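Asks: Sharing run_35.tsv below, TSV, C-alpha atoms:
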chain	number	residue	atom	x	y	z
K	606	MET	CA	31.48	-13.37	-35.40
K	607	ARG	CA	30.66	-16.73	-36.93
K	608	HIS	CA	32.24	-19.19	-39.31
K	609	PHE	CA	31.28	-18.48	-42.91
K	610	GLY	CA	29.91	-15.16	-41.71
K	611	HIS	CA	31.84	-13.46	-44.52
K	612	ILE	CA	29.60	-15.01	-47.18
K	613	SER	CA	26.08	-13.77	-47.91
K	614	PRO	CA	23.11	-15.05	-45.88
K	615	ILE	CA	21.50	-16.30	-49.08
K	616	VAL	CA	24.51	-18.47	-49.92
K	617	ARG	CA	24.73	-19.73	-46.32
K	618	LYS	CA	21.08	-20.76	-46.45
K	619	ASP	CA	21.77	-22.81	-49.59
K	620	LEU	CA	24.82	-24.49	-48.04
K	621	PHE	CA	23.73	-25.27	-44.49
K	622	HIS	CA	21.12	-27.53	-42.97
K	623	GLN	CA	22.09	-25.86	-39.67
K	624	GLU	CA	24.09	-22.62	-39.88
K	625	PRO	CA	27.09	-21.92	-37.62
K	626	VAL	CA	26.19	-20.00	-34.47
K	627	GLU	CA	27.43	-16.52	-33.69
K	628	PHE	CA	29.95	-16.19	-30.86
K	629	THR	CA	31.91	-13.46	-29.09
K	630	LEU	CA	34.81	-13.27	-26.69
K	631	SER	CA	32.28	-13.58	-23.85
K	632	SER	CA	30.91	-16.91	-25.16
K	633	PRO	CA	31.57	-20.04	-23.06
K	634	ALA	CA	35.15	-21.30	-23.22
K	635	ARG	CA	33.96	-24.65	-24.58
K	636	THR	CA	32.41	-22.87	-27.57
K	637	LEU	CA	35.45	-20.67	-28.17
K	638	ALA	CA	37.87	-23.60	-28.00
K	639	ALA	CA	35.90	-25.49	-30.63
K	640	ALA	CA	35.45	-22.38	-32.78
K	641	LEU	CA	39.14	-21.41	-33.08
K	642	GLY	CA	39.29	-23.07	-36.48
K	643	ALA	CA	42.26	-22.06	-38.62
K	644	THR	CA	44.27	-19.85	-36.28
K	645	LEU	CA	46.32	-17.55	-38.51
K	646	TYR	CA	49.75	-16.52	-37.21
K	647	SER	CA	51.26	-13.16	-38.14
K	648	PRO	CA	54.54	-11.54	-37.07
K	649	ALA	CA	53.87	-8.74	-34.59
K	650	THR	CA	56.25	-6.49	-36.54
K	651	ARG	CA	54.02	-6.06	-39.62
K	652	PRO	CA	53.65	-2.30	-40.17
K	653	GLN	CA	50.02	-2.55	-41.39
K	654	LEU	CA	48.97	-5.18	-38.86
K	655	ALA	CA	45.64	-3.54	-37.99
K	656	ALA	CA	44.66	-3.41	-41.66
K	657	ASP	CA	45.82	-7.02	-42.08
K	658	ILE	CA	43.59	-8.13	-39.22
K	659	ARG	CA	40.57	-6.38	-40.75
K	660	LYS	CA	41.33	-7.89	-44.16
K	661	GLN	CA	41.61	-11.43	-42.81
K	662	ALA	CA	38.41	-11.05	-40.78
K	663	ASP	CA	36.63	-10.12	-44.02
K	664	ARG	CA	37.95	-13.38	-45.52
K	665	GLY	CA	36.59	-15.56	-42.74
K	666	VAL	CA	39.42	-15.71	-40.20
K	667	VAL	CA	38.05	-15.90	-36.65
K	668	SER	CA	41.26	-16.33	-34.62
K	669	MET	CA	44.75	-14.86	-35.01
K	670	VAL	CA	48.04	-15.03	-33.14
K	671	LEU	CA	50.31	-11.98	-33.27
K	672	CYS	CA	53.75	-13.43	-32.75
K	673	LEU	CA	56.65	-12.00	-30.76
K	674	GLU	CA	58.48	-15.31	-30.63
K	675	ASP	CA	60.02	-17.50	-33.35
K	676	SER	CA	58.57	-15.57	-36.32
K	677	ILE	CA	60.70	-12.50	-35.56
K	678	SER	CA	64.36	-12.02	-34.77
K	679	ASP	CA	65.65	-11.37	-31.25
K	680	SER	CA	66.54	-7.82	-32.19
K	681	ASP	CA	62.97	-7.05	-33.31
K	682	VAL	CA	61.18	-7.94	-30.07
K	683	LEU	CA	61.06	-4.44	-28.59
K	684	GLY	CA	59.95	-2.98	-31.91
K	685	GLY	CA	57.31	-5.68	-32.19
K	686	GLU	CA	55.92	-4.82	-28.77
K	687	GLU	CA	55.74	-1.13	-29.67
K	688	ASN	CA	54.07	-1.98	-32.95
K	689	LEU	CA	51.41	-4.05	-31.19
K	690	VAL	CA	50.51	-1.11	-28.96
K	691	ARG	CA	50.16	1.17	-32.02
K	692	GLN	CA	48.17	-1.37	-34.02
K	693	PHE	CA	45.70	-2.11	-31.21
K	694	ALA	CA	45.12	1.63	-30.85
K	695	ALA	CA	44.45	1.80	-34.60
K	696	LEU	CA	41.97	-1.07	-34.39
K	697	ASP	CA	40.14	0.63	-31.54
K	698	ALA	CA	39.99	3.97	-33.36
K	699	ASP	CA	38.69	2.49	-36.61
K	700	PRO	CA	35.13	3.71	-37.41
K	701	ALA	CA	34.28	0.16	-38.45
K	702	GLY	CA	34.18	-0.79	-34.77
K	703	THR	CA	35.60	-3.81	-33.02
K	704	GLU	CA	32.68	-6.26	-32.86
K	705	ASP	CA	33.75	-8.29	-35.90
K	706	LEU	CA	37.43	-8.62	-35.02
K	707	PRO	CA	38.86	-12.13	-34.77
K	708	LEU	CA	39.87	-13.58	-31.42
K	709	LEU	CA	43.31	-12.00	-30.97
K	710	PHE	CA	46.15	-13.66	-29.07
K	711	ILE	CA	49.75	-12.53	-28.53
K	712	ARG	CA	52.52	-15.09	-28.56
K	713	VAL	CA	55.15	-13.96	-26.07
K	714	ARG	CA	58.62	-15.15	-25.17
K	715	THR	CA	58.69	-14.61	-21.40
K	716	PRO	CA	56.12	-14.39	-18.59
K	717	GLU	CA	57.22	-10.84	-17.82
K	718	GLN	CA	56.02	-9.63	-21.20
K	719	ILE	CA	52.40	-10.47	-20.40
K	720	PRO	CA	51.54	-7.94	-17.64
K	721	ASP	CA	53.82	-5.38	-19.27
K	722	LEU	CA	52.01	-5.61	-22.62
K	723	VAL	CA	48.57	-5.48	-21.01
K	724	ARG	CA	49.62	-2.37	-19.07
K	725	ARG	CA	50.94	-0.70	-22.23
K	726	LEU	CA	47.82	-1.61	-24.22
K	727	GLY	CA	45.67	0.18	-21.67
K	728	GLY	CA	42.02	0.29	-22.68
K	729	GLN	CA	42.77	-1.58	-25.90
K	730	ALA	CA	43.59	-4.69	-23.86
K	731	ARG	CA	39.85	-5.45	-23.94
K	732	LEU	CA	40.36	-6.45	-27.62
K	733	LEU	CA	42.74	-9.19	-26.53
K	734	ALA	CA	41.54	-12.77	-26.11
K	735	GLY	CA	44.71	-13.95	-24.43
K	736	PHE	CA	48.26	-15.19	-24.85
K	737	VAL	CA	50.04	-18.08	-26.52
K	738	LEU	CA	52.67	-19.59	-24.22
K	739	PRO	CA	55.69	-21.09	-26.01
K	740	LYS	CA	57.70	-24.22	-25.14
K	741	PHE	CA	55.30	-25.04	-22.34
K	742	THR	CA	56.44	-27.45	-19.63
K	743	GLU	CA	55.58	-27.90	-15.97
K	744	SER	CA	58.66	-25.95	-14.88
K	745	ARG	CA	57.96	-23.04	-17.25
K	746	GLY	CA	54.19	-23.13	-17.33
K	747	THR	CA	53.23	-21.92	-13.86
K	748	ALA	CA	55.03	-18.59	-14.26
K	749	PHE	CA	53.33	-18.00	-17.61
K	750	LEU	CA	49.85	-18.84	-16.33
K	751	ASP	CA	50.30	-16.78	-13.17
K	752	ALA	CA	51.35	-13.83	-15.36
K	753	VAL	CA	48.15	-14.14	-17.41
K	754	ALA	CA	46.07	-14.17	-14.23
K	755	GLU	CA	47.97	-11.19	-12.85
K	756	ALA	CA	47.51	-9.18	-16.04
K	757	GLU	CA	43.80	-9.93	-16.12
K	758	ALA	CA	43.27	-8.88	-12.53
K	759	THR	CA	45.40	-5.73	-12.77
K	760	ALA	CA	43.64	-4.53	-15.92
K	761	GLY	CA	40.18	-5.47	-14.62
K	762	LEU	CA	39.45	-7.62	-17.68
K	763	PRO	CA	36.66	-10.22	-17.61
K	764	ARG	CA	38.93	-12.99	-18.96
K	765	LEU	CA	42.32	-13.52	-20.57
K	766	TYR	CA	42.82	-17.02	-21.95
K	767	ALA	CA	46.03	-18.97	-22.36
K	768	MET	CA	47.01	-21.37	-25.12
K	769	PRO	CA	50.15	-23.33	-24.17
K	770	VAL	CA	52.28	-24.65	-27.04
K	771	LEU	CA	53.59	-28.18	-26.55
K	772	GLU	CA	56.89	-28.24	-28.42
K	773	SER	CA	59.74	-28.99	-26.01
K	774	PRO	CA	62.32	-31.77	-26.54
K	775	GLU	CA	61.17	-33.40	-23.28
K	776	LEU	CA	57.93	-34.32	-25.03
K	777	LEU	CA	59.74	-35.82	-28.00
K	778	HIS	CA	62.36	-37.87	-26.18
K	779	LEU	CA	60.93	-41.22	-25.18
K	780	GLU	CA	62.62	-41.39	-21.77
K	781	THR	CA	61.18	-38.03	-20.65
K	782	ARG	CA	57.83	-38.00	-22.45
K	783	ALA	CA	55.64	-39.64	-19.82
K	784	PRO	CA	56.84	-37.47	-16.89
K	785	ALA	CA	56.71	-34.36	-19.09
K	786	LEU	CA	53.11	-35.05	-20.08
K	787	ALA	CA	52.16	-35.79	-16.48
K	788	GLY	CA	53.69	-32.49	-15.38
K	789	ILE	CA	51.93	-30.53	-18.10
K	790	SER	CA	48.66	-32.22	-17.14
K	791	ARG	CA	49.08	-31.20	-13.49
K	792	THR	CA	49.85	-27.61	-14.50
K	793	VAL	CA	47.02	-27.03	-16.97
K	794	ASN	CA	44.50	-28.71	-14.68
K	795	ARG	CA	45.33	-26.23	-11.91
K	796	TYR	CA	44.39	-23.46	-14.37
K	797	ARG	CA	41.62	-25.31	-16.20
K	798	ASP	CA	39.29	-22.28	-16.47
K	799	ARG	CA	42.05	-20.24	-18.10
K	800	VAL	CA	43.50	-22.74	-20.60
K	801	LEU	CA	41.45	-22.42	-23.78
K	802	ALA	CA	43.30	-24.96	-25.91
K	803	LEU	CA	46.64	-26.70	-26.27
K	804	ARG	CA	48.65	-26.18	-29.45
K	805	LEU	CA	51.23	-28.55	-30.98
K	806	GLY	CA	54.60	-27.25	-32.17
K	807	VAL	CA	55.41	-29.95	-34.71
K	808	THR	CA	58.06	-27.85	-36.47
K	809	ASP	CA	60.01	-27.73	-33.19
K	810	PHE	CA	59.53	-31.47	-32.75
K	811	CYS	CA	61.01	-32.11	-36.19
K	812	SER	CA	63.93	-29.78	-35.52
K	813	VAL	CA	65.13	-31.93	-32.62
K	814	TYR	CA	66.02	-34.65	-35.12
K	815	GLY	CA	66.79	-32.45	-38.11
K	816	LEU	CA	63.61	-33.53	-39.93
K	817	ARG	CA	61.25	-31.71	-42.26
K	818	ARG	CA	58.23	-33.22	-43.99
K	819	THR	CA	57.77	-32.64	-47.70
K	820	PRO	CA	54.60	-31.16	-49.27
K	821	ASP	CA	53.24	-34.62	-50.09
K	822	MET	CA	53.67	-35.88	-46.52
K	823	THR	CA	51.56	-35.20	-43.44
K	824	ALA	CA	52.77	-34.90	-39.87
K	825	TYR	CA	51.41	-38.40	-39.34
K	826	ASP	CA	53.85	-39.80	-41.92
K	827	VAL	CA	56.73	-38.73	-39.67
K	828	GLN	CA	56.45	-41.55	-37.18
K	829	ILE	CA	58.36	-39.93	-34.34
K	830	VAL	CA	55.99	-36.92	-34.53
K	831	ALA	CA	52.89	-39.09	-34.90
K	832	GLY	CA	53.84	-40.88	-31.70
K	833	VAL	CA	54.02	-37.62	-29.75
K	834	ILE	CA	50.65	-36.46	-31.11
K	835	ALA	CA	49.08	-39.75	-30.07
K	836	ASP	CA	50.49	-39.50	-26.55
K	837	VAL	CA	49.41	-35.86	-26.14
K	838	VAL	CA	45.85	-36.78	-27.09
K	839	ASN	CA	46.02	-39.85	-24.83
K	840	VAL	CA	46.93	-37.83	-21.75
K	841	LEU	CA	45.46	-34.38	-22.39
K	842	SER	CA	42.42	-34.74	-24.65
K	843	ARG	CA	40.36	-37.56	-23.20
K	844	ALA	CA	36.61	-37.54	-23.80
K	845	ASP	CA	35.73	-38.21	-20.17
K	846	GLY	CA	35.39	-34.55	-19.21
K	847	THR	CA	39.03	-34.12	-18.19
K	848	GLY	CA	40.40	-33.38	-21.65
K	849	PHE	CA	41.35	-30.14	-23.39
K	850	THR	CA	40.96	-29.11	-27.01
K	851	VAL	CA	44.22	-29.89	-28.84
K	852	THR	CA	44.73	-28.11	-32.16
K	853	GLY	CA	46.39	-29.47	-35.28
K	854	PRO	CA	49.97	-28.71	-36.33
K	855	VAL	CA	51.01	-26.04	-38.80
K	856	TRP	CA	51.10	-26.72	-42.55
K	857	GLU	CA	54.15	-24.82	-43.75
K	858	TYR	CA	53.88	-24.99	-47.56
K	859	PHE	CA	52.32	-22.46	-49.91
K	860	ARG	CA	52.93	-20.99	-53.34
K	861	SER	CA	54.35	-17.50	-53.82
K	862	GLN	CA	51.71	-15.03	-55.08
K	863	GLN	CA	49.09	-17.74	-54.73
K	864	ARG	CA	45.72	-16.69	-56.18
K	865	LEU	CA	43.78	-19.35	-54.27
K	866	PHE	CA	43.20	-21.37	-57.48
K	867	LYS	CA	40.13	-19.25	-58.33
K	868	PRO	CA	40.33	-19.87	-62.09
K	869	GLN	CA	39.65	-23.55	-61.44
K	870	LEU	CA	36.48	-22.65	-59.54
K	871	ARG	CA	34.67	-21.10	-62.49
K	872	ARG	CA	33.18	-24.45	-63.42
K	873	SER	CA	30.21	-25.64	-61.36
K	874	PRO	CA	31.41	-27.69	-58.36
K	875	PHE	CA	28.34	-29.91	-58.77
K	876	LEU	CA	29.74	-31.27	-62.04
K	877	GLU	CA	32.21	-34.15	-61.93
K	878	GLU	CA	34.71	-32.33	-64.14
K	879	GLY	CA	34.54	-29.31	-61.83
K	880	VAL	CA	35.50	-31.47	-58.88
K	881	GLU	CA	38.38	-32.98	-60.84
K	882	GLU	CA	39.67	-29.55	-61.86
K	883	LEU	CA	39.61	-28.41	-58.26
K	884	ARG	CA	41.45	-31.55	-57.16
K	885	THR	CA	44.14	-30.83	-59.74
K	886	ALA	CA	44.39	-27.24	-58.56
K	887	LEU	CA	44.79	-28.33	-54.95
K	888	ILE	CA	47.67	-30.61	-55.88
K	889	GLU	CA	49.31	-27.90	-57.98
K	890	HIS	CA	49.16	-25.47	-55.07
K	891	ASP	CA	50.67	-27.92	-52.55
K	892	LEU	CA	47.36	-28.13	-50.67
K	893	ASP	CA	46.52	-31.78	-51.30
K	894	GLY	CA	48.77	-32.73	-48.39
K	895	LEU	CA	47.09	-30.11	-46.23
K	896	LEU	CA	43.66	-31.62	-46.89
K	897	ARG	CA	44.88	-35.11	-45.99
K	898	GLU	CA	46.47	-33.77	-42.81
K	899	ILE	CA	43.27	-31.98	-41.75
K	900	GLU	CA	41.34	-35.23	-42.12
K	901	LEU	CA	43.97	-37.07	-40.09
K	902	ASP	CA	43.92	-34.32	-37.44
K	903	ARG	CA	40.22	-34.92	-36.85
K	904	ALA	CA	40.57	-38.70	-36.98
K	905	ASN	CA	43.22	-38.44	-34.25
K	906	GLY	CA	41.21	-36.19	-31.95
K	907	LEU	CA	42.52	-32.72	-32.92
K	908	LEU	CA	40.31	-29.74	-33.73
K	909	GLY	CA	41.39	-26.56	-35.47
K	910	LYS	CA	44.82	-25.89	-36.95
K	911	THR	CA	47.75	-23.50	-36.78
K	912	CYS	CA	48.07	-21.65	-40.11
K	913	ILE	CA	50.82	-19.40	-41.45
K	914	HIS	CA	49.22	-18.51	-44.79
K	915	PRO	CA	45.71	-17.17	-45.55
K	916	ALA	CA	45.30	-19.76	-48.33
K	917	HIS	CA	45.06	-22.47	-45.68
K	918	VAL	CA	42.14	-20.97	-43.77
K	919	THR	CA	39.21	-21.79	-46.04
K	920	PRO	CA	40.21	-25.46	-46.56
K	921	VAL	CA	40.48	-25.93	-42.79
K	922	HIS	CA	37.04	-24.42	-42.22
K	923	ALA	CA	35.40	-26.24	-45.12
K	924	LEU	CA	36.62	-29.59	-43.80
K	925	SER	CA	35.45	-28.70	-40.28
K	926	VAL	CA	31.79	-28.40	-41.28
K	927	VAL	CA	29.76	-31.40	-40.11
K	928	SER	CA	28.28	-33.43	-42.94
K	929	HIS	CA	24.57	-34.14	-42.97
K	930	GLU	CA	25.35	-37.83	-42.51
K	931	GLU	CA	27.53	-37.22	-39.43
K	932	PHE	CA	24.84	-34.99	-37.96
K	933	SER	CA	22.14	-37.58	-38.57
K	934	ASP	CA	24.21	-40.27	-36.86
K	935	ALA	CA	25.03	-38.04	-33.88
K	936	GLN	CA	21.38	-37.08	-33.44
K	937	ASP	CA	20.28	-40.71	-33.46
K	938	ILE	CA	22.92	-41.72	-30.92
K	939	LEU	CA	22.03	-38.88	-28.53
K	940	ARG	CA	18.25	-39.29	-28.56
K	941	PRO	CA	16.97	-39.45	-24.95
K	942	GLU	CA	15.25	-42.77	-25.56
K	943	ARG	CA	18.65	-44.26	-26.45
K	944	GLY	CA	20.01	-43.60	-22.96
K	945	GLY	CA	20.05	-47.27	-22.11
K	946	GLY	CA	22.31	-48.14	-25.00
K	947	GLY	CA	21.77	-50.47	-27.90
K	948	VAL	CA	22.62	-50.67	-31.57
K	949	MET	CA	20.75	-49.34	-34.60
K	950	ARG	CA	21.28	-49.05	-38.33
K	951	SER	CA	22.11	-45.50	-39.41
K	952	ALA	CA	19.53	-43.42	-41.24
K	953	TYR	CA	21.86	-43.56	-44.25
K	954	THR	CA	21.69	-47.40	-43.97
K	955	ASN	CA	25.44	-47.76	-44.39
K	956	LYS	CA	26.78	-48.30	-40.89
K	957	MET	CA	26.07	-49.43	-37.33
K	958	ASN	CA	25.54	-46.81	-34.63
K	959	GLU	CA	26.26	-48.26	-31.21
K	960	VAL	CA	24.94	-45.86	-28.59
K	961	LYS	CA	27.33	-46.21	-25.67
K	962	PRO	CA	30.67	-46.54	-27.55
K	963	HIS	CA	29.76	-43.78	-30.03
K	964	ARG	CA	28.28	-41.30	-27.52
K	965	ALA	CA	31.47	-39.32	-26.93
K	966	TRP	CA	32.01	-39.04	-30.69
K	967	ALA	CA	28.42	-37.84	-31.10
K	968	GLU	CA	28.82	-35.18	-28.39
K	969	ARG	CA	31.99	-33.85	-30.01
K	970	THR	CA	30.29	-33.87	-33.40
K	971	MET	CA	27.37	-31.83	-32.09
K	972	LEU	CA	29.76	-29.26	-30.63
K	973	ARG	CA	31.50	-29.00	-34.00
K	974	ALA	CA	28.08	-28.72	-35.65
K	975	GLU	CA	27.25	-25.80	-33.38
K	976	VAL	CA	30.28	-23.71	-34.32
K	977	PHE	CA	30.94	-24.81	-37.93
K	978	GLY	CA	27.41	-25.71	-38.98
K	979	VAL	CA	25.89	-28.74	-40.71
K	980	ALA	CA	25.98	-29.00	-44.49
K	981	ARG	CA	22.84	-29.76	-46.46
K	982	GLU	CA	22.56	-33.34	-47.63
K	983	GLU	CA	23.67	-32.58	-51.18
K	984	VAL	CA	26.46	-30.14	-50.19
K	985	GLY	CA	30.06	-31.33	-49.98
K	986	PHE	CA	33.54	-30.00	-49.31
K	987	VAL	CA	33.99	-28.55	-52.79
K	988	ASP	CA	30.82	-26.47	-52.46
K	989	LEU	CA	31.90	-25.11	-49.08
K	990	LEU	CA	35.42	-24.37	-50.32
K	991	THR	CA	34.08	-22.62	-53.41
K	992	ALA	CA	31.71	-20.43	-51.39
K	993	GLY	CA	34.43	-19.54	-48.90
K	994	LEU	CA	36.85	-18.45	-51.62
K	995	GLN	CA	34.55	-16.57	-53.97
K	996	VAL	CA	33.99	-13.53	-51.79
Would you mind writing the structure in this file as C-alpha cells?

Replies:
Amino acid sequence: MRHFGHISPIVRKDLFHQEPVEFTLSSPARTLAAALGATLYSPATRPQLAADIRKQADRGVVSMVLCLEDSISDSDVLGGEENLVRQFAALDADPAGTEDLPLLFIRVRTPEQIPDLVRRLGGQARLLAGFVLPKFTESRGTAFLDAVAEAEATAGLPRLYAMPVLESPELLHLETRAPALAGISRTVNRYRDRVLALRLGVTDFCSVYGLRRTPDMTAYDVQIVAGVIADVVNVLSRADGTGFTVTGPVWEYFRSQQRLFKPQLRRSPFLEEGVEELRTALIEHDLDGLLREIELDRANGLLGKTCIHPAHVTPVHALSVVSHEEFSDAQDILRPERGGGGVMRSAYTNKMNEVKPHRAWAERTMLRAEVFGVAREEVGFVDLLTAGLQV
C-alpha cells in the first residue's frame, strides 16, 4: 500500500516531486509509525465490516482500528468478537486478495481478549497488524503488552504491534501527571520494539471535567487538554532517539449524509475563486476546525490522527504531504558538508536554516516525505485534497 495509491499514476506524477513509497506490514516499524496517517476507527459490530474495509482502502485509508471498547455497548462485546472472526475470514476468502488491505488493529478492553482473539482468528491473524490498548497506565500496561507478546508467539506471527491510548485521569490531574508519565515511559521503553505509536484520548480527557470543544475550536483551545498534550510530547516524543510517534486526537464533528463537498471542487483549484469556494465548503462542513487542528498537531510534534468519519481522511493526508519548500530546506540542512553546523539562507530566500538546531526537524521532515511524498513546487493543499476526493 501507499498514500495516494488510490489515485491514478498519471495524476500522482503531476502532483508529486517525490511520490510516497510503498510499504507493507513487514516494513520497518519507523516507517509504519510515520505512515499511519488518518487511522479510521470502526465499531467491530458492523455487519458488513469486511466490505467496509475494502471500500475505505479504495478511498485511500491505510490504517484502521476495529473497536471492541467505547464505540460499542457492554452487551455487544461478545457479538463484536464473533463478528470480527467472521469478517476476517471473509477478507481472507475474497478473490481480490489481501495485499492492499489497510493496517488493521483491534481495540480491546482487557488483556485476556488479545490471545483469545488471535487463537479464534486462526490463520487470518496474519492480516492483523496489532492491538490498541485502552486507558494505558504503568499498572495496566504491562499485562496488555505481555498479552500481545504471548499471542504473537503462540500464533507464530512475525510481529504484532501495540498502540497504547493515553487517556486516563492520572494524566490529566496535575498532581499525578508527572509520575503517571514517568511510569508510562518506563513501561513502553521495556517494550520499545513492540510499541508502534502512542495515541491520545482527548475525548476522555475532556470528560473528566465535563468539557466538549465546539466545531470551531481545536483541542489546543482547551487549555487543560493542551497542557497534557504538551507534557506527553515532552516526555514521550523527544527527538533524541528515545521518543515515540504520538498521534493527533480525534475530530468528532461531521455532517450527516456528507457528500465530501464535491460540487465545490468542479472549479479548477488553481484559480483563486476555486480556492475560495473550497474554503467556504470546508467551513460549511465543519472541517475548517479540523484543518486548523491538523496544522497544530504537526506544530506540536504529533503525526497522524484518530478519525471517526471517512470525510476526515483525505484532509489529514493532504496536509501531511511535505511541501516542496519544506523538502528543499530539509535537504539543505542534511547535506553531508553541513555536518559541522552553520547558517544559510534557504533556497526560497525567505528564512534562515540553522544546521544544528534544525537538524531534528529536517530528519522528521524527510521521514514524512518518504511516506507521504513531496508536492511539486506549484502544488498546494487544495490540489492534493481535490485529487484525493475525486476518485

Asks: Could you work out how far atom CA of Arg607 of chain K lies from atom CA of Gln692 of chain K, giving the answer in Å with one decimal?

Replies: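 Atom-to-atom, atom CA of Gln692 of chain K and atom CA of Arg607 of chain K are spaced 23.5 Å apart.
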
Asks: For Thr919 of chain K, which of K:Gln653, K:Gln661, K:Thr852, K:Thr823 is the closest residue, counting only C-alpha atoms?

Replies: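 Looking only at the distances to Thr919 of chain K, the closest residue turns out to be K:Gln661.
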
Asks: Could you state the separation of atom CA of Val984 of chain K and atom CA of Leu907 of chain K in Å, given to one decimal place?

Replies: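 Separation between atom CA of Val984 of chain K and atom CA of Leu907 of chain K: 23.7 Å.
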
Asks: List the spatial neighbours of Asp845 of chain K as a list in words - criterion: any atom at most 12 Å away, only C-alpha atoms, same-chain residues fewer than 6 positions off excluded.

Replies: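 Close residues of Asp845 of chain K: Asn839, Arg964, Ala965, Trp966, Glu968 and Arg969 of chain K.
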
Asks: I need the residue nearest Tyr953 of chain K from this list: K:Asn905, K:Leu939, K:His929, K:Ala923. Use all atoms listed in the file for the distance.

Replies: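 For Tyr953 of chain K, the nearest of the candidates is K:His929.
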
Asks: Could you check which of K:Leu895, K:Ala748, K:Cys912, K:Ile938 is closest to Arg950 of chain K, using only C-alpha atoms?

Replies: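 Comparing K:Leu895, K:Ala748, K:Cys912, K:Ile938 against Arg950 of chain K, the winner is K:Ile938.
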
Asks: Mind checking which residues fall within 8 Å of Leu620 of chain K, counting all atoms listed in the file, ignoring those fewer than 6 positions away in the same chain, and posting them as a list in words?

Replies: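 What passes the distance filter is Ala980, Arg981, Val984, Asp988 and Leu989 of chain K.
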
Asks: Please, which residues in segment 832-866 of chain K fall within 12 Å of segment 751-769 of chain K when counting only C-alpha atoms, and what is the closest atom pair and distance in Å to one decimal for each, ordered by chain then residue number, as a Markdown table?

Replies:
| residue | atom | partner | partner_atom | distance |
| --- | --- | --- | --- | --- |
| K:Phe849 | CA | K:Met768 | CA | 10.6 |
| K:Thr850 | CA | K:Met768 | CA | 10.0 |
| K:Val851 | CA | K:Met768 | CA | 9.7 |
| K:Thr852 | CA | K:Met768 | CA | 10.0 |

Asks: When distances are computed from all atoms listed in the file, which of K:Val921, K:Leu733, K:Ala787, K:Ile658 shows the smallest separation from Glu898 of chain K?

Replies: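 When distances to Glu898 of chain K are compared using all atoms listed in the file, the smallest one comes from K:Val921.
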
Asks: Mind pulling up the distance from atom CA of Arg791 of chain K to atom CA of Ser744 of chain K?

Replies: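 Interatomic distance here is 11.0 Å.
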
Asks: What's the 8 Å shell around Phe977 of chain K, counting all atoms listed in the file, without same-chain residues fewer than 6 positions away, as an mmCIF file with C-alpha atoms, in the coordinates of the input?

Replies:
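For reference, part10.cif as written:
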data_model
loop_
_atom_site.group_PDB
_atom_site.id
_atom_site.type_symbol
_atom_site.label_atom_id
_atom_site.label_comp_id
_atom_site.auth_asym_id
_atom_site.auth_seq_id
_atom_site.Cartn_x
_atom_site.Cartn_y
_atom_site.Cartn_z
ATOM 1 C CA HIS K 608 32.240 -19.190 -39.310
ATOM 2 C CA GLU K 624 24.090 -22.620 -39.880
ATOM 3 C CA PRO K 625 27.090 -21.920 -37.620
ATOM 4 C CA VAL K 626 26.190 -20.000 -34.470
ATOM 5 C CA ALA K 640 35.450 -22.380 -32.780
ATOM 6 C CA HIS K 922 37.040 -24.420 -42.220
ATOM 7 C CA SER K 925 35.450 -28.700 -40.280
ATOM 8 C CA VAL K 926 31.790 -28.400 -41.280
ATOM 9 C CA VAL K 927 29.760 -31.400 -40.110
#

Asks: I'd like the neighbourhood of segment 701-705 of chain K as a PyMOL selection string, where a residue qualifies if any of its atoms comes within 10 Å (using all atoms listed in the file), though same-chain residues fewer than 6 positions away should be ignored.

Replies: chain K and resi 606-607+610+629-630+659+662-663+667+732

Asks: K:Val960, K:Leu901, K:Glu743, K:Arg724: which is nearest Pro941 of chain K, counting only C-alpha atoms?

Replies: K:Val960

Asks: Out of K:Val690, K:Ala967, K:Leu750, K:Ala824, which residue has the shortest atom-to-atom distance to Glu900 of chain K when counting all atoms listed in the file?

Replies: K:Ala824

Asks: Quick one: segment 939-948 of chain K with N, CA and C atoms, as a PDB file, keeping the file's coordinate frame?

Replies:
ATOM      1  N   LEU K 939      22.283 -39.693 -29.726  1.00  0.00           N
ATOM      2  CA  LEU K 939      22.030 -38.880 -28.530  1.00  0.00           C
ATOM      3  C   LEU K 939      20.547 -38.724 -28.187  1.00  0.00           C
ATOM      4  N   ARG K 940      19.671 -39.394 -28.901  1.00  0.00           N
ATOM      5  CA  ARG K 940      18.250 -39.290 -28.560  1.00  0.00           C
ATOM      6  C   ARG K 940      18.020 -39.782 -27.125  1.00  0.00           C
ATOM      7  N   PRO K 941      17.187 -39.062 -26.348  1.00  0.00           N
ATOM      8  CA  PRO K 941      16.970 -39.450 -24.950  1.00  0.00           C
ATOM      9  C   PRO K 941      16.538 -40.902 -24.774  1.00  0.00           C
ATOM     10  N   GLU K 942      15.727 -41.393 -25.696  1.00  0.00           N
ATOM     11  CA  GLU K 942      15.250 -42.770 -25.560  1.00  0.00           C
ATOM     12  C   GLU K 942      16.337 -43.797 -25.775  1.00  0.00           C
ATOM     13  N   ARG K 943      17.526 -43.336 -26.251  1.00  0.00           N
ATOM     14  CA  ARG K 943      18.650 -44.260 -26.450  1.00  0.00           C
ATOM     15  C   ARG K 943      19.542 -44.335 -25.218  1.00  0.00           C
ATOM     16  N   GLY K 944      19.145 -43.690 -24.133  1.00  0.00           N
ATOM     17  CA  GLY K 944      20.010 -43.600 -22.960  1.00  0.00           C
ATOM     18  C   GLY K 944      20.457 -44.937 -22.414  1.00  0.00           C
ATOM     19  N   GLY K 945      19.683 -45.963 -22.629  1.00  0.00           N
ATOM     20  CA  GLY K 945      20.050 -47.270 -22.110  1.00  0.00           C
ATOM     21  C   GLY K 945      21.001 -48.047 -22.982  1.00  0.00           C
ATOM     22  N   GLY K 946      21.366 -47.477 -24.122  1.00  0.00           N
ATOM     23  CA  GLY K 946      22.310 -48.140 -25.000  1.00  0.00           C
ATOM     24  C   GLY K 946      21.617 -48.809 -26.166  1.00  0.00           C
ATOM     25  N   GLY K 947      22.311 -49.748 -26.772  1.00  0.00           N
ATOM     26  CA  GLY K 947      21.770 -50.470 -27.900  1.00  0.00           C
ATOM     27  C   GLY K 947      22.476 -50.149 -29.198  1.00  0.00           C
ATOM     28  N   VAL K 948      22.037 -50.822 -30.246  1.00  0.00           N
ATOM     29  CA  VAL K 948      22.620 -50.670 -31.570  1.00  0.00           C
ATOM     30  C   VAL K 948      21.504 -50.443 -32.571  1.00  0.00           C
TER      31      VAL K 948
END
